[in-house]
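To be precise, the following lines are start-v1.txt, and they hold compact mmCIF, C-alpha atoms.
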# COMPACT_ATOMS: atom_id res chain seq x y z
CA MET A 33 -156.38 -14.70 -13.90
CA ARG A 34 -152.91 -15.65 -15.03
CA ARG A 35 -150.33 -13.10 -14.02
CA ASN A 36 -148.30 -13.80 -17.11
CA GLY A 37 -151.17 -13.64 -19.60
CA GLY A 38 -150.02 -12.79 -23.08
CA LEU A 39 -146.63 -11.32 -22.34
CA GLY A 40 -145.32 -13.33 -25.29
CA PHE A 41 -147.83 -11.63 -27.58
CA ILE A 42 -146.62 -8.22 -26.47
CA TYR A 43 -143.04 -9.17 -27.26
CA LEU A 44 -144.14 -10.57 -30.61
CA SER A 45 -145.72 -7.25 -31.60
CA LEU A 46 -142.58 -5.42 -30.49
CA LEU A 47 -140.44 -7.78 -32.58
CA VAL A 48 -142.60 -7.13 -35.64
CA ALA A 49 -142.24 -3.38 -35.04
CA LEU A 50 -138.45 -3.78 -34.97
CA LEU A 51 -138.54 -5.77 -38.21
CA LEU A 52 -140.60 -3.02 -39.84
CA THR A 53 -137.97 -0.54 -38.67
CA VAL A 54 -135.19 -2.27 -40.61
CA MET A 55 -137.14 -3.64 -43.58
CA PRO A 56 -135.40 -2.63 -46.81
CA MET A 57 -137.36 -0.10 -48.84
CA PRO A 58 -136.76 2.37 -51.64
CA GLN A 59 -135.05 5.54 -50.49
CA GLN A 60 -138.02 7.81 -51.23
CA VAL A 61 -140.34 5.73 -49.08
CA LYS A 62 -137.82 5.39 -46.25
CA LEU A 63 -137.83 9.07 -45.54
CA PHE A 64 -141.49 8.79 -44.55
CA ARG A 65 -141.19 5.62 -42.49
CA PRO A 66 -143.06 6.03 -39.17
CA ASP A 67 -141.17 5.17 -35.98
CA TRP A 68 -142.91 1.81 -35.60
CA ALA A 69 -141.06 0.64 -32.51
CA LEU A 70 -141.83 3.81 -30.55
CA LEU A 71 -145.49 3.83 -31.61
CA VAL A 72 -146.02 0.24 -30.51
CA VAL A 73 -144.27 0.83 -27.17
CA LEU A 74 -146.45 3.89 -26.60
CA TYR A 75 -149.60 1.89 -27.33
CA TRP A 76 -148.68 -0.81 -24.82
CA THR A 77 -147.68 1.75 -22.22
CA MET A 78 -151.04 3.39 -22.59
CA ALA A 79 -152.99 0.12 -22.54
CA LEU A 80 -151.03 -1.85 -19.93
CA PRO A 81 -148.82 0.57 -18.02
CA GLY A 82 -148.13 -2.08 -15.39
CA ARG A 83 -146.61 -4.48 -17.92
CA VAL A 84 -144.87 -2.24 -20.40
CA ASN A 85 -143.13 0.89 -19.32
CA ILE A 86 -139.73 2.48 -19.12
CA LEU A 87 -137.69 -0.73 -18.93
CA THR A 88 -139.28 -2.12 -22.10
CA ALA A 89 -138.89 1.24 -23.81
CA PHE A 90 -135.22 1.39 -22.84
CA VAL A 91 -134.51 -2.12 -24.14
CA LEU A 92 -136.37 -1.47 -27.37
CA GLY A 93 -134.63 1.88 -27.83
CA PHE A 94 -131.29 0.16 -27.30
CA LEU A 95 -132.17 -2.50 -29.90
CA THR A 96 -133.18 0.27 -32.30
CA ASP A 97 -129.79 1.90 -31.72
CA VAL A 98 -128.05 -1.37 -32.54
CA LEU A 99 -130.15 -2.03 -35.63
CA VAL A 100 -130.13 1.50 -36.97
CA GLY A 101 -126.52 2.28 -36.17
CA THR A 102 -127.02 5.52 -34.27
CA VAL A 103 -124.73 6.15 -31.29
CA LEU A 104 -125.66 3.56 -28.65
CA GLY A 105 -128.01 4.96 -26.04
CA VAL A 106 -129.43 7.82 -28.10
CA ASN A 107 -132.65 6.09 -29.04
CA ALA A 108 -132.76 4.35 -25.65
CA LEU A 109 -132.82 7.72 -23.89
CA ALA A 110 -135.37 9.30 -26.22
CA PHE A 111 -137.66 6.23 -26.00
CA SER A 112 -137.46 6.26 -22.19
CA VAL A 113 -138.28 9.95 -21.85
CA VAL A 114 -141.29 9.83 -24.18
CA THR A 115 -142.57 6.63 -22.56
CA PHE A 116 -142.20 8.24 -19.14
CA ILE A 117 -144.51 11.08 -20.16
CA VAL A 118 -147.09 8.63 -21.47
CA ALA A 119 -146.80 6.34 -18.43
CA VAL A 120 -147.42 9.23 -16.05
CA ASN A 121 -150.45 10.50 -17.98
CA TYR A 122 -151.91 7.26 -19.33
CA LEU A 123 -155.27 7.72 -17.61
CA LYS A 124 -155.79 11.13 -19.23
CA ILE A 125 -154.57 10.03 -22.66
CA ARG A 126 -156.84 6.98 -22.67
CA ASN A 127 -159.89 9.24 -22.34
CA PHE A 128 -159.11 11.26 -25.44
CA SER A 129 -160.71 10.43 -28.77
CA VAL A 130 -158.47 8.71 -31.31
CA ILE A 131 -158.03 11.93 -33.28
CA GLN A 132 -156.95 13.86 -30.20
CA GLN A 133 -154.64 11.01 -29.32
CA ALA A 134 -153.11 11.18 -32.79
CA LEU A 135 -152.39 14.88 -32.34
CA LEU A 136 -150.84 14.19 -28.96
CA ILE A 137 -148.76 11.37 -30.43
CA GLY A 138 -147.55 13.84 -33.05
CA LEU A 139 -146.34 16.04 -30.21
CA PHE A 140 -144.55 13.12 -28.55
CA LEU A 141 -142.95 12.10 -31.84
CA ALA A 142 -141.77 15.67 -32.37
CA LEU A 143 -140.21 15.59 -28.89
CA TYR A 144 -138.59 12.24 -29.72
CA HIS A 145 -137.05 13.58 -32.91
CA LEU A 146 -135.92 16.73 -31.15
CA LEU A 147 -134.16 14.69 -28.46
CA LEU A 148 -132.65 12.40 -31.07
CA PHE A 149 -131.36 15.29 -33.13
CA TRP A 150 -130.11 17.17 -30.14
CA LEU A 151 -128.11 14.23 -28.74
CA SER A 152 -126.76 13.27 -32.17
CA HIS A 153 -125.79 16.87 -32.75
CA PHE A 154 -123.70 16.95 -29.60
CA LEU A 155 -122.20 13.51 -30.18
CA THR A 156 -121.52 13.45 -33.92
CA GLY A 157 -122.33 16.96 -35.17
CA VAL A 158 -125.20 16.17 -37.54
CA TYR A 159 -126.96 18.95 -39.43
CA PHE A 160 -130.67 19.53 -39.30
CA LEU A 161 -132.83 19.08 -42.38
CA PRO A 162 -136.59 19.74 -42.29
CA ALA A 163 -137.06 16.37 -44.07
CA TYR A 164 -136.15 14.62 -40.80
CA LEU A 165 -139.56 15.55 -39.45
CA TRP A 166 -141.62 13.60 -42.00
CA PRO A 167 -141.96 10.59 -39.64
CA VAL A 168 -143.79 12.86 -37.17
CA LEU A 169 -146.54 13.45 -39.73
CA THR A 170 -146.71 9.87 -40.98
CA GLY A 171 -146.68 8.60 -37.37
CA MET A 172 -149.67 10.81 -36.61
CA LEU A 173 -151.54 9.55 -39.66
CA VAL A 174 -150.74 5.93 -38.87
CA TRP A 175 -151.74 6.14 -35.19
CA PRO A 176 -155.56 5.68 -35.49
CA TRP A 177 -155.07 2.51 -37.60
CA LEU A 178 -152.30 1.18 -35.41
CA PHE A 179 -154.39 1.84 -32.31
CA TRP A 180 -157.38 -0.01 -33.76
CA LEU A 181 -155.21 -2.92 -34.93
CA LEU A 182 -153.38 -3.33 -31.65
CA ARG A 183 -156.59 -3.08 -29.64
CA ARG A 184 -158.12 -5.87 -31.69
CA TYR A 185 -154.92 -7.83 -31.26
CA ARG A 186 -154.99 -7.28 -27.51
CA ARG A 187 -158.64 -8.32 -27.18
CA GLN A 188 -158.24 -11.28 -29.51
CA PHE A 189 -155.45 -12.79 -27.40
CA LYS A 190 -156.81 -11.43 -24.10
CA ILE A 191 -153.55 -9.77 -23.21
CA GLN A 192 -153.73 -8.01 -19.87
CA MET B 133 -155.19 0.73 -6.16
CA ASN B 134 -152.00 0.59 -4.23
CA ALA B 135 -150.16 0.15 -7.49
CA ILE B 136 -151.42 3.48 -8.78
CA PHE B 137 -150.27 5.45 -5.77
CA SER B 138 -146.82 3.93 -5.83
CA ARG B 139 -146.38 4.67 -9.53
CA GLY B 140 -145.18 8.27 -9.37
CA PRO B 141 -141.81 8.07 -7.64
CA LEU B 142 -141.17 4.59 -8.99
CA LEU B 143 -141.51 5.78 -12.57
CA GLY B 144 -139.30 8.77 -11.89
CA LEU B 145 -136.63 6.50 -10.47
CA ARG B 146 -136.85 4.20 -13.46
CA LEU B 147 -136.51 7.13 -15.81
CA LEU B 148 -133.45 8.34 -13.93
CA LEU B 149 -131.88 4.88 -14.19
CA ALA B 150 -132.70 4.65 -17.90
CA VAL B 151 -131.22 8.09 -18.57
CA LEU B 152 -128.06 7.26 -16.62
CA CYS B 153 -127.65 3.96 -18.49
CA SER B 154 -128.17 5.70 -21.84
CA VAL B 155 -125.66 8.40 -21.06
CA GLY B 156 -123.18 5.70 -19.99
CA LEU B 157 -123.73 3.87 -23.27
CA MET B 158 -123.27 7.05 -25.28
CA VAL B 159 -119.99 7.85 -23.55
CA VAL B 160 -118.70 4.29 -23.99
CA ASP B 161 -119.74 4.19 -27.64
CA ARG B 162 -118.45 7.59 -28.61
CA TYR B 163 -115.36 8.20 -26.54
CA THR B 164 -113.74 4.84 -25.80
CA GLU B 165 -111.81 2.29 -27.82
CA ARG B 166 -113.96 -0.65 -26.81
CA SER B 167 -116.90 0.47 -28.91
CA THR B 168 -115.76 -1.27 -32.13
CA GLN B 169 -115.66 -4.64 -30.38
CA LEU B 170 -118.96 -3.97 -28.66
CA ARG B 171 -120.55 -3.00 -31.98
CA SER B 172 -119.18 -6.10 -33.70
CA PHE B 173 -120.60 -8.28 -30.99
CA LEU B 174 -124.00 -6.59 -31.17
CA THR B 175 -124.02 -6.74 -34.97
CA SER B 176 -123.58 -10.49 -34.89
CA ALA B 177 -126.24 -10.80 -32.18
CA VAL B 178 -128.92 -9.03 -34.24
CA SER B 179 -127.93 -10.28 -37.71
CA PRO B 180 -130.81 -12.84 -37.84
CA LEU B 181 -133.23 -9.90 -37.65
CA PHE B 182 -131.72 -8.44 -40.81
CA TYR B 183 -132.06 -11.74 -42.63
CA ILE B 184 -135.73 -11.99 -41.63
CA ALA B 185 -136.46 -8.36 -42.46
CA SER B 186 -135.01 -8.65 -45.96
CA LEU B 187 -136.88 -11.91 -46.61
CA PRO B 188 -139.99 -10.33 -48.24
CA GLU B 189 -137.85 -8.33 -50.65
CA THR B 190 -135.72 -11.37 -51.52
CA LEU B 191 -138.83 -13.45 -52.18
CA LEU B 192 -140.35 -10.68 -54.26
CA SER B 193 -137.30 -10.18 -56.47
CA GLY B 194 -136.95 -13.97 -56.73
CA ALA B 195 -140.53 -14.20 -57.95
CA THR B 196 -139.99 -11.42 -60.51
CA GLU B 197 -137.03 -13.28 -61.96
CA GLN B 198 -139.03 -16.49 -62.06
CA PHE B 199 -141.79 -14.92 -64.11
CA MET B 200 -139.60 -12.89 -66.41
CA SER B 201 -140.39 -13.79 -69.99
CA HIS B 202 -138.05 -15.91 -72.06
CA GLN B 203 -137.56 -13.12 -74.56
CA ARG B 204 -136.51 -10.63 -71.90
CA LEU B 205 -134.03 -13.09 -70.46
CA LEU B 206 -132.54 -13.63 -73.91
CA ASP B 207 -132.30 -9.86 -74.41
CA GLU B 208 -130.65 -9.40 -71.09
CA ASN B 209 -128.25 -12.23 -71.79
CA ALA B 210 -127.27 -10.72 -75.15
CA ARG B 211 -126.74 -7.34 -73.55
CA LEU B 212 -124.59 -8.77 -70.77
CA LYS B 213 -122.49 -10.72 -73.29
CA GLU B 214 -121.89 -7.56 -75.25
CA THR B 215 -120.86 -5.67 -72.13
CA LEU B 216 -118.54 -8.49 -71.14
CA LEU B 217 -116.91 -8.49 -74.56
CA ARG B 218 -116.41 -4.75 -74.49
CA GLN B 219 -114.95 -4.81 -70.99
CA ASN B 220 -112.69 -7.75 -71.79
CA GLY B 221 -111.30 -5.75 -74.68
CA GLN B 222 -110.53 -2.91 -72.31
CA LEU B 223 -109.01 -5.34 -69.81
CA GLN B 224 -106.48 -6.58 -72.39
CA LEU B 225 -105.27 -3.05 -72.79
CA LEU B 226 -105.29 -2.59 -69.02
CA GLY B 227 -103.08 -5.65 -68.54
CA TYR B 228 -100.57 -4.24 -70.96
CA LEU B 229 -100.66 -0.81 -69.32
CA GLN B 230 -100.27 -2.36 -65.88
CA GLN B 231 -97.18 -4.21 -67.01
CA GLU B 232 -95.74 -1.09 -68.55
CA ASN B 233 -96.58 0.91 -65.45
CA SER B 234 -94.83 -1.53 -63.12
CA LYS B 235 -91.77 -1.57 -65.41
CA LEU B 236 -91.63 2.22 -65.38
CA ARG B 237 -92.07 2.24 -61.62
CA ALA B 238 -89.26 -0.27 -61.29
CA LEU B 239 -87.07 2.00 -63.44
CA LEU B 240 -87.90 4.94 -61.21
CA GLY B 241 -87.16 2.85 -58.14
CA SER B 242 -90.57 3.43 -56.55
CA ALA B 243 -92.70 0.75 -54.97
CA PRO B 244 -94.99 -1.11 -57.39
CA LEU B 245 -98.74 -0.67 -57.00
CA ALA B 246 -99.89 -3.92 -55.50
CA ASP B 247 -103.01 -5.56 -56.86
CA GLY B 248 -105.37 -6.65 -54.11
CA GLN B 249 -107.90 -9.38 -53.68
CA ARG B 250 -111.61 -8.62 -53.94
CA LEU B 251 -114.91 -10.16 -52.99
CA VAL B 252 -118.50 -9.41 -54.00
CA ALA B 253 -120.92 -8.82 -51.14
CA GLU B 254 -124.65 -8.25 -51.19
CA ILE B 255 -126.37 -5.51 -49.22
CA LEU B 256 -128.79 -6.95 -46.67
CA ALA B 257 -130.11 -3.68 -45.35
CA VAL B 258 -129.43 -0.06 -46.11
CA TYR B 259 -130.09 1.67 -42.92
CA SER B 260 -131.23 5.09 -43.76
CA HIS B 261 -131.51 6.91 -40.52
CA PRO B 262 -130.51 10.44 -41.49
CA PHE B 263 -127.99 10.48 -38.64
CA SER B 264 -126.25 7.29 -39.66
CA HIS B 265 -125.64 6.14 -43.20
CA GLN B 266 -124.73 2.50 -42.87
CA VAL B 267 -125.32 -0.71 -44.74
CA VAL B 268 -125.31 -4.31 -43.58
CA LEU B 269 -123.45 -6.78 -45.82
CA ASN B 270 -123.93 -10.53 -46.07
CA LYS B 271 -120.20 -11.27 -45.66
CA GLY B 272 -118.48 -11.44 -42.28
CA LYS B 273 -115.49 -12.73 -40.38
CA ASN B 274 -115.89 -16.19 -41.92
CA ASP B 275 -115.19 -14.68 -45.35
CA GLY B 276 -112.12 -12.85 -44.10
CA VAL B 277 -113.76 -9.44 -43.73
CA THR B 278 -111.93 -7.13 -41.33
CA GLU B 279 -112.67 -3.77 -39.80
CA HIS B 280 -111.73 -0.62 -41.78
CA GLN B 281 -111.79 -2.54 -45.04
CA PRO B 282 -112.63 -0.36 -48.07
CA LEU B 283 -115.75 -0.94 -50.13
CA ILE B 284 -116.45 0.08 -53.76
CA ASP B 285 -119.15 -0.43 -56.34
CA GLU B 286 -118.93 -0.25 -60.14
CA ARG B 287 -118.85 3.54 -60.11
CA GLY B 288 -116.75 4.54 -57.15
CA VAL B 289 -115.90 4.33 -53.49
CA VAL B 290 -118.81 3.38 -51.22
CA GLY B 291 -117.41 3.33 -47.69
CA GLN B 292 -115.59 1.19 -45.16
CA ILE B 293 -116.38 -1.67 -42.80
CA VAL B 294 -116.89 -0.59 -39.19
CA SER B 295 -117.96 -3.75 -37.41
CA VAL B 296 -117.80 -7.44 -38.28
CA GLY B 297 -119.94 -10.36 -37.19
CA PRO B 298 -119.40 -14.02 -38.21
CA THR B 299 -121.75 -13.89 -41.22
CA SER B 300 -122.57 -10.24 -41.63
CA SER B 301 -120.84 -6.93 -41.27
CA ARG B 302 -121.70 -3.29 -41.13
CA ALA B 303 -120.21 -0.60 -43.34
CA LEU B 304 -120.14 3.16 -42.92
CA LEU B 305 -120.87 5.04 -46.16
CA ILE B 306 -118.82 8.01 -47.31
CA SER B 307 -121.93 10.19 -47.01
CA ASP B 308 -122.21 9.55 -43.26
CA ASN B 309 -121.78 12.48 -41.00
CA THR B 310 -118.84 10.95 -39.16
CA HIS B 311 -116.95 9.83 -42.27
CA ALA B 312 -114.15 11.63 -44.04
CA ILE B 313 -111.94 10.42 -46.87
CA SER B 314 -108.64 11.70 -48.17
CA VAL B 315 -108.94 12.65 -51.85
CA ARG B 316 -106.91 14.15 -54.67
CA ALA B 317 -108.27 16.21 -57.57
CA GLU B 318 -107.46 14.37 -60.81
CA ARG B 319 -106.84 17.49 -62.91
CA THR B 320 -104.60 19.47 -60.59
CA GLY B 321 -103.43 16.96 -57.99
CA ILE B 322 -104.59 19.06 -55.03
CA ARG B 323 -104.96 16.89 -51.95
CA THR B 324 -107.87 17.50 -49.66
CA VAL B 325 -110.49 15.77 -47.53
CA ALA B 326 -114.11 15.03 -48.45
CA GLU B 327 -116.45 14.62 -45.51
CA GLY B 328 -120.01 13.33 -45.40
CA LEU B 329 -122.95 15.54 -44.49
CA GLY B 330 -125.65 12.97 -43.83
CA GLN B 331 -127.08 13.52 -47.31
CA TRP B 332 -126.99 10.82 -49.98
CA ASP B 333 -125.78 12.93 -52.86
CA LEU B 334 -123.51 15.48 -51.24
CA LEU B 335 -120.01 15.56 -49.75
CA ARG B 336 -118.19 18.62 -48.51
CA VAL B 337 -114.61 19.22 -49.59
CA ILE B 338 -112.89 20.96 -46.71
CA HIS B 339 -109.79 23.03 -45.98
CA LEU B 340 -109.26 24.33 -49.50
CA PRO B 341 -107.65 27.78 -49.51
CA GLN B 342 -109.18 30.52 -51.67
CA SER B 343 -106.30 30.26 -54.12
CA ALA B 344 -106.78 26.53 -54.77
CA ASP B 345 -107.44 25.58 -58.38
CA ILE B 346 -110.66 23.61 -58.33
CA ARG B 347 -113.63 23.77 -60.71
CA VAL B 348 -117.06 22.29 -61.05
CA GLY B 349 -116.69 18.92 -62.82
CA ASP B 350 -113.28 18.04 -61.34
CA ARG B 351 -112.97 14.36 -60.51
CA LEU B 352 -111.86 13.55 -56.97
CA LEU B 353 -109.92 10.29 -56.56
CA THR B 354 -108.75 8.56 -53.41
CA SER B 355 -105.25 9.73 -52.55
CA GLY B 356 -104.23 6.69 -50.54
CA LEU B 357 -102.84 8.96 -47.83
CA ASP B 358 -105.34 7.87 -45.20
CA GLY B 359 -103.81 4.40 -45.24
CA LEU B 360 -107.23 2.78 -45.66
CA PHE B 361 -108.42 3.37 -49.19
CA PRO B 362 -106.10 2.27 -52.03
CA GLU B 363 -105.02 5.05 -54.37
CA GLY B 364 -106.82 6.07 -57.53
CA TYR B 365 -110.45 5.04 -57.07
CA PRO B 366 -113.03 7.66 -58.09
CA VAL B 367 -114.91 9.17 -55.13
CA ALA B 368 -116.91 12.18 -56.23
CA GLU B 369 -117.30 14.95 -58.77
CA VAL B 370 -117.15 18.59 -57.70
CA SER B 371 -120.65 19.99 -58.09
CA ARG B 372 -120.53 23.44 -56.51
CA VAL B 373 -117.77 25.91 -55.70
CA GLN B 374 -118.49 29.04 -53.69
CA GLN B 375 -115.83 31.64 -53.18
CA ASP B 376 -116.30 34.15 -50.42
CA GLU B 377 -113.22 36.26 -49.75
CA SER B 378 -114.29 36.91 -46.17
CA GLN B 379 -113.97 33.23 -45.35
CA PRO B 380 -110.60 31.52 -44.81
CA PHE B 381 -111.55 28.52 -46.99
CA MET B 382 -113.59 27.91 -50.11
CA THR B 383 -116.93 26.16 -49.79
CA VAL B 384 -116.83 23.22 -52.17
CA TYR B 385 -119.42 20.45 -52.54
CA ALA B 386 -119.10 17.22 -54.47
CA LYS B 387 -121.45 14.49 -55.63
CA PRO B 388 -120.37 10.88 -54.95
CA TYR B 389 -120.05 8.64 -58.02
CA ALA B 390 -121.41 5.60 -56.20
CA GLN B 391 -125.20 5.58 -56.04
CA LEU B 392 -125.24 5.25 -52.30
CA ASP B 393 -129.01 5.23 -51.96
CA ARG B 394 -129.61 2.27 -54.28
CA ILE B 395 -126.59 0.00 -54.09
CA ARG B 396 -127.32 -3.73 -54.18
CA HIS B 397 -123.86 -5.27 -54.57
CA VAL B 398 -120.48 -3.99 -53.50
CA LEU B 399 -116.88 -5.11 -53.88
CA LEU B 400 -114.80 -5.61 -50.75
CA LEU B 401 -111.16 -4.75 -51.34
CA TRP B 402 -108.09 -6.13 -49.66
CA PRO B 403 -105.52 -3.55 -50.70
CA GLY B 404 -102.39 -5.41 -51.84
CA ALA B 405 -100.09 -4.37 -49.04
CA ARG B 406 -102.42 -5.83 -46.49
CA LEU B 407 -103.24 -9.08 -48.29
CA GLU B 408 -100.33 -10.95 -46.72
CA ASP B 409 -101.34 -9.68 -43.29
CA VAL B 410 -104.87 -10.96 -43.84
CA LEU B 411 -103.66 -14.38 -44.91
CA ASP B 412 -101.11 -14.56 -42.08
CA ALA B 413 -103.78 -13.66 -39.57
CA GLU B 414 -106.04 -16.38 -40.92
CA GLU B 415 -103.54 -19.23 -41.11
CA PRO B 416 -103.15 -19.92 -37.38
CA ASN B 417 -106.86 -20.70 -37.28

Serialized structure, structure tokens:
Amino acid sequence: MRRNGGLGFIYLSLLVALLLTVMPMPQQVKLFRPDWALLVVLYWTMALPGRVNILTAFVLGFLTDVLVGTVLGVNALAFSVVTFIVAVNYLKIRNFSVIQQALLIGLFLALYHLLLFWLSHFLTGVYFLPAYLWPVLTGMLVWPWLFWLLRRYRRQFKIQ
Amino acid sequence: MNAIFSRGPLLGLRLLLAVLCSVGLMVVDRYTERSTQLRSFLTSAVSPLFYIASLPETLLSGATEQFMSHQRLLDENARLKETLLRQNGQLQLLGYLQQENSKLRALLGSAPLADGQRLVAEILAVYSHPFSHQVVLNKGKNDGVTEHQPLIDERGVVGQIVSVGPTSSRALLISDNTHAISVRAERTGIRTVAEGLGQWDLLRVIHLPQSADIRVGDRLLTSGLDGLFPEGYPVAEVSRVQQDESQPFMTVYAKPYAQLDRIRHVLLLWPGARLEDVLDAEEPN
């Protein structure tokens, strides 16, 4: 078995997730955009915790900071913390049904947004609007499909 | 199996490192002077991503134009010609007024209002994270764009450039939470500051005493006192005034003229006074 099997495919999926994060869209749709990058990192952490974990999450969070224009390090920190929780509990989470997983992912996304808001509040004094939490809901709804898609992708290219 | 047992502490350590690095980044970005350079460097490093990400939209709008019917194109052409004619008429008058204005200013002995250079830029990406209202433009250092350069559209002030790459740059919008702009009410001449709230259609006008004369519908123009934005461009219209005697200041909200959530093209301004500096800085290269 090749030690390096399919690492390129993992990075490709992460790149696509980043592109989806910055793809131009109408303002009304943007508000509901799921946090693609985080969802994809969480999937890979759950599936291959030995290959993708906190370092990948940190780098991807940092890239999100650069692309999105938030204070550098804010997304990196939130990504790392959420990925840490998943990496510690990946064996338990894997055994849940997809619906239960989606609910759990909703919880993680809520934590992510809380961290993001909290840090931004201290650093730049942003105000909270309930509309900021829409991505939690859309992320939850997207999870079962994303999970299915990425699992097929993983099996197709035998990434391990 | 060994890998599983060694995971616990290892992961904890990694998390600690990641958190420390993030906190370091935050401090550097927020509280030091180097951050603008760092941001500019990073902007240029990731600019290909923006070009790729906006590709589908560009193709789509290109295709729509390709298949637009002949009749519609003719209609649009006629409409644009009419608009051009009307605006040219107004421009003739403007030229005359400008001349008169500079003569009067010369008589008064005050400095003439310098006319600056301008450049049209296209928006590559509107990044809409609620905590940062920024746009990426397709013009950069190679086109003479500099940091803190003001940005307008056909209705009003849009924002200012915060970081510059070779072929793209990033602008902060006036609605961003960290942005504030010095304004003057057109009707009464009161000078104040309008700060962003992180909402597309709302600015907050701050530090207005209870006795200030301001009403809903007042136009707020740039005052030029911040040294960045040239004087006299429309910024926002006062949309709500709340007076509460128990508070030291009035609560006033305003709606930006520029449609910040759907801008496609913007004008980059080189305010007159700085034009020579820009050219001087470019010549040695």

Cut-off 6 Å: closest chain A/chain B atom pairs per residue, using only C-alpha atoms, as a Markdown table:
| residue | atom | partner | partner_atom | distance |
| --- | --- | --- | --- | --- |
| A:Leu51 | CA | B:Ala185 | CA | 5.4 |
| A:Met55 | CA | B:Ala185 | CA | 4.9 |
| A:Pro56 | CA | B:Ala257 | CA | 5.6 |
| A:Val100 | CA | B:Tyr259 | CA | 6.0 |
| A:Thr102 | CA | B:Ser264 | CA | 5.7 |
| A:Leu104 | CA | B:Met158 | CA | 5.4 |
| A:Gly105 | CA | B:Ser154 | CA | 4.3 |
| A:Leu109 | CA | B:Ser154 | CA | 5.5 |

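Atom pair CA of Val120 in chain A / CA of Arg187 in chain A has a distance of 23.6 Å (rounded to one decimal).
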
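If only C-alpha atoms are the atoms counted, then among A:Leu135, A:Leu46, A:Leu151, A:Val106 the closest residue to Leu92 in chain A is A:Leu46.
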
Completion exercise
A straight line from CA of Trp180 in chain A to CA of Gln192 in chain A spans 16.4 Å

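CA of Pro162 in chain A is positioned 15.5 Å from CA of Gly138 in chain A.
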
Name the residues in contact with Phe140 in chain A at a cut-off of 10 Å, using only C-alpha atoms, excluding same-chain residues fewer than 2 positions from it; report them as a PDB file with C-alpha atoms, keeping the file's coordinate frame.
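The resulting file, result_0.pdb, is reproduced below:
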ATOM      1  CA  LEU A  70    -141.830   3.810 -30.550  1.00  0.00           C
ATOM      2  CA  LEU A  71    -145.490   3.830 -31.610  1.00  0.00           C
ATOM      3  CA  LEU A  74    -146.450   3.890 -26.600  1.00  0.00           C
ATOM      4  CA  VAL A 113    -138.280   9.950 -21.850  1.00  0.00           C
ATOM      5  CA  VAL A 114    -141.290   9.830 -24.180  1.00  0.00           C
ATOM      6  CA  THR A 115    -142.570   6.630 -22.560  1.00  0.00           C
ATOM      7  CA  ILE A 117    -144.510  11.080 -20.160  1.00  0.00           C
ATOM      8  CA  VAL A 118    -147.090   8.630 -21.470  1.00  0.00           C
ATOM      9  CA  ALA A 134    -153.110  11.180 -32.790  1.00  0.00           C
ATOM     10  CA  LEU A 135    -152.390  14.880 -32.340  1.00  0.00           C
ATOM     11  CA  LEU A 136    -150.840  14.190 -28.960  1.00  0.00           C
ATOM     12  CA  ILE A 137    -148.760  11.370 -30.430  1.00  0.00           C
ATOM     13  CA  GLY A 138    -147.550  13.840 -33.050  1.00  0.00           C
ATOM     14  CA  ALA A 142    -141.770  15.670 -32.370  1.00  0.00           C
ATOM     15  CA  LEU A 143    -140.210  15.590 -28.890  1.00  0.00           C
ATOM     16  CA  TYR A 144    -138.590  12.240 -29.720  1.00  0.00           C
ATOM     17  CA  HIS A 145    -137.050  13.580 -32.910  1.00  0.00           C
ATOM     18  CA  LEU A 146    -135.920  16.730 -31.150  1.00  0.00           C
ATOM     19  CA  VAL A 168    -143.790  12.860 -37.170  1.00  0.00           C
ATOM     20  CA  MET A 172    -149.670  10.810 -36.610  1.00  0.00           C
TER      21      MET A 172
END

Practice task
Give me the residues within 9 Å of Thr170 in chain A as a ChimeraX atom specification, counting all atoms listed in the file and dropping any in the same chain fewer than 6 places off.
Solution key: /A:64-67,138

Exercise for the section: Do a neighbour search on Arg126 in chain A at 9 Å with all atoms listed in the file, toss out local chain neighbours closer than 4 positions, and write the hits as a PyMOL selection string. Expected result: chain A and resi 78-79+121-122+130+133

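Nearest to Asp97 in chain A of all the residues A:Ala49, A:Leu148, A:Pro81, A:Tyr75 is A:Leu148, based on all atoms listed in the file.
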
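Excluding Ile284 in chain B itself and any same-chain residue fewer than 5 positions from it, the protein and nucleic acid residues within 6 Å of it, counting all atoms listed in the file, are B:Val289, B:Val290, B:Val398, B:Leu399.
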
Would you fill out range 220-224 of chain B with N, CA and C atoms and return it as a PDB file, in the frame of the given file?
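out.pdb, freshly written:
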ATOM      1  N   ASN B 220    -113.863  -6.898 -71.637  1.00  0.00           N
ATOM      2  CA  ASN B 220    -112.690  -7.750 -71.790  1.00  0.00           C
ATOM      3  C   ASN B 220    -111.671  -7.107 -72.708  1.00  0.00           C
ATOM      4  N   GLY B 221    -112.187  -6.464 -73.769  1.00  0.00           N
ATOM      5  CA  GLY B 221    -111.300  -5.750 -74.680  1.00  0.00           C
ATOM      6  C   GLY B 221    -110.498  -4.708 -73.941  1.00  0.00           C
ATOM      7  N   GLN B 222    -111.222  -3.949 -73.076  1.00  0.00           N
ATOM      8  CA  GLN B 222    -110.530  -2.910 -72.310  1.00  0.00           C
ATOM      9  C   GLN B 222    -109.534  -3.518 -71.346  1.00  0.00           C
ATOM     10  N   LEU B 223    -109.888  -4.696 -70.796  1.00  0.00           N
ATOM     11  CA  LEU B 223    -109.010  -5.340 -69.810  1.00  0.00           C
ATOM     12  C   LEU B 223    -107.693  -5.754 -70.432  1.00  0.00           C
ATOM     13  N   GLN B 224    -107.733  -6.203 -71.720  1.00  0.00           N
ATOM     14  CA  GLN B 224    -106.480  -6.580 -72.390  1.00  0.00           C
ATOM     15  C   GLN B 224    -105.520  -5.413 -72.392  1.00  0.00           C
TER      16      GLN B 224
END
